[in-house]
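> There's a structure below that I have some questions on.
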Amino acid sequence: MLGVSGAALSSPVTPATPLGRSQKLAFAREVARLAVRSLHAELCLYPKPGLVSPVDNGSHDDMDAGTFMRSLFSLRHYFRKICLAGLNDAPFAQLKQLGIAAETAMLQATRGINTHRGAIFSLGLLCATAGRARAQGTPMTPAALRAAMLIRWGEELAMHAAPAANSQATANKAASIPPSRDGTAEAATAPAQEVVAEPLSNGLRVAARYAASGAREEGALGLPSVFEVGLPALLAARARGATVTEERVDTLYTLMAHISDSNVYHRAGPRGAQIVRDHAESFLAQGGTAHASWREQAIASHHIFMQHRLSPGGAADLLAACCLVQSIAALDDK
Ligand SMILES: CC(C)(COP(=O)(O)OP(=O)(O)OC[C@H]1O[C@@H](n2cnc3c(N)ncnc32)[C@H](O[C@H]2O[C@H](COP(=O)(O)OP(=O)(O)OP(=O)(O)O)[C@@H](O)[C@H]2O)[C@@H]1O)[C@@H](O)C(=O)NCCC(=O)NCCS
Ligand SMILES: Nc1ncnc2[nH]cnc12
């Protein structure tokens, strides 16, 4: 497991020579390019159960690959700006502001469809972290990146997660919402503490109704699904000689087996989440893409997910985040 403690924190950090403006700009441009490329890689991957790809729209009737292309193109300046913010040691409030502006740009590009909200959060955080690490002269290894993120923004990320866990307003609103599409209607479980006036997102609703975690908790814990689940799967597939497509498919299935995807809960409740986990676990138990007929199995899952309207969009975002960490780490080798 890639922990935050240990080598990443104990390795000596030589004080970095301050970077000039043009060096910062060049680095931020490069990181933004890698972020957009990671989103593009996720979009182009096929087969991907229930998800949109250039082959089909999966479980979605309001978006296609063109919608995602417009969305990811609209985010290129955001990734550069947030990396620059990290290079300049910006507080979390500034990262959040950039994230909110990027959500607006995305919604304009897609005419109101949420394609990349999760990616704006996690890949944005990673771009800022790369900037922070570069300014400090720390290595770009996955463990060092995660440590840099948590040391600089960990406390504020934990506070950002708090509305999902604590807000009585959220619990009250969620309790008054009709049951999910699979007919389940679990009681809201959030404890009565503070009242936070925050618009009720699908993620907050799911957190309150099912006590399921999502993007906020991921951020608060320093993206454990990326560093402890997805990346090790990617590296293991690579080590056995898998192709790039195969390593990404294995990573996606590993994420689907482990994470609590608020998009799945929102669309299909706990029963839907169980279907996703069962498919992922069975695919992995048979060897993942090392199995001779993995492609046929993945296409069969895709069709079943489409019948149930299942879409593991959170896992898709985290796959893109894994690709980004891998390519940021490779910058050190250049
Ligand atoms: C912190 C925020 C991301 C807010 O999150 P919140 O908890 O309020 O939830 P949502 O607004 O619902 O968005 C969270 C998105 O994160 C993805 N996700 C889901 N599970 C996980 C997980 N376990 N780990 C990481 N990421 C996860 C997921 O994104 C994908 O699904 C999207 C489609 O979702 P939805 O809109 O529900 O779509 P439909 O099914 O089509 O819904 P209907 O139309 O049918 O109703 C797709 O976009 C994927 O990306 C969740 O959607 C954040 O909003 C925030 O605070 N932002 C500002 C701060 C910021 O960005 N800062 C930048 C850097 S610090
Ligand atoms: N390819 C994809 N299809 C549907 N939702 C997504 N969210 C992120 N990537 C996605």
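Scheme for the structure tokens: letters A, B, ... for chains in order shown; per-chain residue numbers from 1; ligand numbers from 1 in order shown.
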Which neighbours of Leu324 in chain A fall inside 7 Å, counting only C-alpha atoms, when residues of the same chain fewer than 6 positions from it are skipped, and could you give them as number ranges by chain?
A: 34-35, 38
> Can those selected residues be exported to a file as a JSON list (two decimals), in the first residue's frame so that it contains C-alpha atoms?

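In the end it all went to selection.json:
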[["chain", "number", "residue", "atom", "x", "y", "z"],
["A", 34, "LEU", "CA", -1.48, 15.57, -19.14],
["A", 35, "ALA", "CA", -4.78, 16.11, -17.30],
["A", 38, "SER", "CA", -5.96, 11.46, -19.05]]
> For Ala215 in chain A, list every protein, DNA or RNA residue within 9 Å, evaluated using only C-alpha atoms, and leave out those in the same chain fewer than 6 positions away; present the list as a PyMOL selection string.
chain A and resi 118+121-122+161+203+223+261-262+314
> Go through chain A and flag each residue having an atom no more than 7 Å from ligand 2; for those, report the closest pair of atoms plus their distance in Å to one decimal, using only C-alpha atoms and all ligand atoms, ordered by chain and rising number, as a Markdown table.

| residue | atom | partner | partner_atom_place_in_ligand_line | distance |
| --- | --- | --- | --- | --- |
| A:Glu42 | CA | ligand 2 | 1 (N) | 6.4 |
| A:Leu43 | CA | ligand 2 | 1 (N) | 4.8 |
| A:Leu51 | CA | ligand 2 | 3 (N) | 3.7 |
| A:Val52 | CA | ligand 2 | 3 (N) | 3.7 |
| A:Ser53 | CA | ligand 2 | 1 (N) | 5.7 |
| A:Thr115 | CA | ligand 2 | 7 (N) | 5.5 |
| A:His116 | CA | ligand 2 | 8 (C) | 5.6 |
| A:Ser311 | CA | ligand 2 | 4 (C) | 6.1 |
| A:Pro312 | CA | ligand 2 | 5 (N) | 6.8 |
| A:Gly313 | CA | ligand 2 | 7 (N) | 3.8 |
| A:Gly314 | CA | ligand 2 | 7 (N) | 6.3 |
| A:Ala316 | CA | ligand 2 | 9 (N) | 4.8 |
| A:Asp317 | CA | ligand 2 | 8 (C) | 4.9 |
> Select from chain A every residue with an atom at most 7 Å from any atom of ligand 1, then for each give the shortest pair of atoms and their distance in Å to one decimal, using only C-alpha atoms and all ligand atoms, rows by chain and rising number, as a tab-separated table.

residue	atom	partner	partner_atom_place_in_ligand_line	distance
A:Phe92	CA	ligand 1	65 (S)	6.6
A:Leu95	CA	ligand 1	65 (S)	5.0
A:Lys96	CA	ligand 1	62 (N)	3.8
A:Gln97	CA	ligand 1	62 (N)	6.8
A:Leu98	CA	ligand 1	63 (C)	6.3
A:Gly99	CA	ligand 1	61 (O)	3.6
A:Ile100	CA	ligand 1	58 (C)	4.8
A:Asn114	CA	ligand 1	48 (O)	4.5
A:Thr115	CA	ligand 1	48 (O)	3.7
A:His116	CA	ligand 1	50 (O)	3.7
A:Arg117	CA	ligand 1	50 (O)	4.5
A:Gly118	CA	ligand 1	16 (O)	3.3
A:Ala119	CA	ligand 1	50 (O)	5.4
A:Ile120	CA	ligand 1	61 (O)	5.2
A:Phe121	CA	ligand 1	61 (O)	3.8
A:Ser122	CA	ligand 1	64 (C)	6.4
A:Gly124	CA	ligand 1	64 (C)	4.7
A:Leu125	CA	ligand 1	64 (C)	4.5
A:Ala164	CA	ligand 1	7 (O)	6.8
A:Ser201	CA	ligand 1	11 (O)	4.5
A:Asn202	CA	ligand 1	12 (O)	4.0
A:Gly203	CA	ligand 1	9 (O)	3.2
A:Leu204	CA	ligand 1	7 (O)	4.9
A:Ser213	CA	ligand 1	23 (N)	6.1
A:Gly214	CA	ligand 1	23 (N)	3.6
A:Ala215	CA	ligand 1	25 (C)	3.6
A:Arg216	CA	ligand 1	1 (C)	4.7
A:Glu218	CA	ligand 1	24 (N)	5.4
A:Ile259	CA	ligand 1	23 (N)	5.4
A:Ser260	CA	ligand 1	23 (N)	4.7
A:Asp261	CA	ligand 1	20 (N)	3.6
A:Ser262	CA	ligand 1	20 (N)	4.0
A:Asn263	CA	ligand 1	37 (O)	4.9
A:His266	CA	ligand 1	37 (O)	6.3
A:Arg267	CA	ligand 1	40 (O)	5.8
A:Gly313	CA	ligand 1	30 (C)	3.9
A:Gly314	CA	ligand 1	18 (N)	3.5
A:Ala315	CA	ligand 1	21 (C)	6.6
A:Asp317	CA	ligand 1	50 (O)	5.7
A:Leu318	CA	ligand 1	25 (C)	6.1
> What is the distance between CA of Leu25 in chain A and CA of Glu156 in chain A, in Å to one decimal?
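Atom-to-atom, CA of Leu25 in chain A and CA of Glu156 in chain A are spaced 25.9 Å apart.
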> Can you list, as a list in words, every protein, DNA or RNA residue that comes within 9 Å of Gly66 in chain A when you count only C-alpha atoms, leaving out same-chain residues fewer than 4 positions away?
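Near Gly66 in chain A, the qualifying residues are Pro54, Arg70 and Ser71 of chain A.
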> Using only N, CA and C atoms, please write the residues we just selected to a file, as a PDB file, in the first residue's frame.

ATOM      1  N   PRO A  54     -16.520   6.377 -27.474  1.00  0.00           N
ATOM      2  CA  PRO A  54     -16.809   6.675 -28.884  1.00  0.00           C
ATOM      3  C   PRO A  54     -17.650   5.578 -29.548  1.00  0.00           C
ATOM      4  N   ARG A  70     -16.308  18.118 -25.690  1.00  0.00           N
ATOM      5  CA  ARG A  70     -16.492  19.563 -25.448  1.00  0.00           C
ATOM      6  C   ARG A  70     -16.165  19.890 -23.993  1.00  0.00           C
ATOM      7  N   SER A  71     -16.593  18.992 -23.105  1.00  0.00           N
ATOM      8  CA  SER A  71     -16.360  19.202 -21.677  1.00  0.00           C
ATOM      9  C   SER A  71     -14.858  19.221 -21.373  1.00  0.00           C
TER      10      SER A  71
END
> May I ask for the distance between CA of Leu252 in chain A and CA of Thr104 in chain A, given in Å to one decimal place?
27.4 Å
> Here is a test: counting only C-alpha atoms, which residue of A:Glu155, A:Asp89, A:Asp250, A:Asp64 is nearest to Gly219 in chain A?
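When distances to Gly219 in chain A are compared using only C-alpha atoms, the smallest one comes from A:Glu155.
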> Which residues, written as a short mmCIF file (atom, residue, chain, number, x, y, z; two decimals) with N, CA and C atoms, in the first residue's frame, have at least one atom at most 10 Å from Ala101 in chain A, with only C-alpha atoms counted and residues fewer than 6 positions away on the same chain left out?

data_model
loop_
_atom_site.label_atom_id
_atom_site.label_comp_id
_atom_site.auth_asym_id
_atom_site.auth_seq_id
_atom_site.Cartn_x
_atom_site.Cartn_y
_atom_site.Cartn_z
N LEU A 75 -11.96 22.41 -20.07
CA LEU A 75 -11.27 22.36 -18.78
C LEU A 75 -9.76 22.63 -18.87
N TYR A 78 -8.51 25.59 -16.91
CA TYR A 78 -8.68 25.33 -15.47
C TYR A 78 -7.51 24.52 -14.92
N LEU A 95 -8.39 27.15 -4.58
CA LEU A 95 -8.56 25.96 -5.44
C LEU A 95 -10.05 25.70 -5.66
N LEU A 107 -20.47 23.19 -17.59
CA LEU A 107 -21.92 23.16 -17.83
C LEU A 107 -22.31 24.01 -19.04
#
> Per DSSP on the backbone, what are the helix (DSSP H, G or I) residues of range 1-154 of chain A, as a PyMOL selection string?
chain A and resi 7-10+21-44+65-74+76-87+92-109+117-136+142-154
> Write out the residues from the selection above, keeping C-alpha atoms, as a compact mmCIF listing (two decimals), in the first residue's frame.

# COMPACT_ATOMS: atom_id res chain seq x y z
CA ALA A 7 9.63 7.09 2.68
CA ALA A 8 7.63 9.99 1.26
CA LEU A 9 7.89 12.01 4.45
CA SER A 10 11.28 10.91 5.68
CA ARG A 21 7.41 32.87 -13.93
CA SER A 22 8.11 31.28 -17.29
CA GLN A 23 9.25 28.01 -15.67
CA LYS A 24 6.05 27.90 -13.63
CA LEU A 25 3.94 28.59 -16.72
CA ALA A 26 5.70 25.91 -18.76
CA PHE A 27 5.22 23.34 -15.98
CA ALA A 28 1.53 24.25 -15.51
CA ARG A 29 0.92 23.96 -19.28
CA GLU A 30 2.52 20.53 -19.33
CA VAL A 31 0.49 19.29 -16.35
CA ALA A 32 -2.74 20.65 -17.91
CA ARG A 33 -1.92 18.80 -21.11
CA LEU A 34 -1.48 15.57 -19.14
CA ALA A 35 -4.78 16.11 -17.30
CA VAL A 36 -6.73 16.61 -20.53
CA ARG A 37 -4.95 13.61 -22.05
CA SER A 38 -5.96 11.46 -19.05
CA LEU A 39 -9.62 12.42 -19.45
CA HIS A 40 -9.37 11.68 -23.16
CA ALA A 41 -7.83 8.26 -22.44
CA GLU A 42 -10.72 7.42 -20.09
CA LEU A 43 -13.30 8.55 -22.65
CA CYS A 44 -11.74 6.50 -25.48
CA ALA A 65 -18.59 11.17 -26.68
CA GLY A 66 -18.99 14.60 -28.34
CA THR A 67 -20.43 16.02 -25.10
CA PHE A 68 -17.40 14.69 -23.20
CA MET A 69 -14.98 16.08 -25.81
CA ARG A 70 -16.49 19.56 -25.45
CA SER A 71 -16.36 19.20 -21.68
CA LEU A 72 -12.72 18.15 -21.46
CA PHE A 73 -11.67 20.84 -23.95
CA SER A 74 -13.39 23.46 -21.75
CA ARG A 76 -7.79 22.88 -20.24
CA HIS A 77 -7.34 26.41 -18.85
CA TYR A 78 -8.68 25.33 -15.47
CA PHE A 79 -6.05 22.61 -15.10
CA ARG A 80 -3.30 25.11 -15.97
CA LYS A 81 -4.65 27.70 -13.53
CA ILE A 82 -5.04 25.28 -10.65
CA CYS A 83 -1.54 23.89 -11.19
CA LEU A 84 -0.23 27.49 -11.10
CA ALA A 85 -2.20 28.03 -7.89
CA GLY A 86 -0.41 25.01 -6.40
CA LEU A 87 2.95 26.36 -7.61
CA PHE A 92 -7.74 25.62 -0.50
CA ALA A 93 -10.37 28.38 -0.82
CA GLN A 94 -8.67 29.50 -4.02
CA LEU A 95 -8.56 25.96 -5.44
CA LYS A 96 -12.24 25.60 -4.63
CA GLN A 97 -13.07 28.87 -6.40
CA LEU A 98 -11.21 27.68 -9.51
CA GLY A 99 -13.10 24.35 -9.29
CA ILE A 100 -16.47 26.09 -9.09
CA ALA A 101 -15.62 28.31 -12.08
CA ALA A 102 -14.56 25.19 -14.01
CA GLU A 103 -17.90 23.52 -13.21
CA THR A 104 -19.64 26.57 -14.72
CA ALA A 105 -17.44 26.37 -17.84
CA MET A 106 -18.17 22.64 -18.14
CA LEU A 107 -21.92 23.16 -17.83
CA GLN A 108 -21.77 25.87 -20.49
CA ALA A 109 -19.84 23.58 -22.84
CA ARG A 117 -17.72 17.24 -11.84
CA GLY A 118 -15.85 14.48 -10.06
CA ALA A 119 -12.86 14.90 -12.40
CA ILE A 120 -12.78 18.65 -11.87
CA PHE A 121 -12.36 17.93 -8.17
CA SER A 122 -9.88 15.04 -8.16
CA LEU A 123 -7.79 15.87 -11.23
CA GLY A 124 -7.80 19.55 -10.24
CA LEU A 125 -6.49 18.62 -6.81
CA LEU A 126 -3.77 16.50 -8.43
CA CYS A 127 -2.72 19.33 -10.76
CA ALA A 128 -2.45 21.70 -7.77
CA THR A 129 -0.46 19.04 -5.90
CA ALA A 130 1.95 18.60 -8.81
CA GLY A 131 2.50 22.37 -8.74
CA ARG A 132 3.09 22.35 -5.01
CA ALA A 133 5.57 19.45 -5.26
CA ARG A 134 7.41 21.12 -8.15
CA ALA A 135 7.73 24.42 -6.25
CA GLN A 136 9.09 22.56 -3.23
CA PRO A 142 2.86 8.80 -6.15
CA ALA A 143 3.62 8.54 -2.41
CA ALA A 144 5.37 11.92 -2.33
CA LEU A 145 2.53 13.56 -4.28
CA ARG A 146 -0.06 12.22 -1.86
CA ALA A 147 1.99 13.41 1.11
CA ALA A 148 2.38 16.88 -0.43
CA MET A 149 -1.40 17.09 -0.98
CA LEU A 150 -2.31 16.10 2.56
CA ILE A 151 0.33 18.19 4.27
CA ARG A 152 -0.70 21.35 2.43
CA TRP A 153 -4.49 20.95 2.08
CA GLY A 154 -5.46 17.92 4.20
> Kindly indicate which residue among A:Arg248, A:Ala280, A:Met306, A:Gly269 lies nearest to Leu45 in chain A, using only C-alpha atoms for the distances.
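Once distances to Leu45 in chain A are computed over only C-alpha atoms, the minimum belongs to A:Arg248.
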> Which distance in Å separates CA of Arg240 in chain A and CA of Arg277 in chain A, to one decimal?
24.2 Å
> What's around Ala329 in chain A at 7 Å? Count only C-alpha atoms, leave out sequence neighbours fewer than 4 positions away in its own chain, and write the answer as a VMD selection string.
chain A and resid 140 to 142 325
> Counting only C-alpha atoms, which residue out of A:Gln297, A:Val264, A:Glu281, A:Arg205 sits closest to Gly50 in chain A?
A:Val264
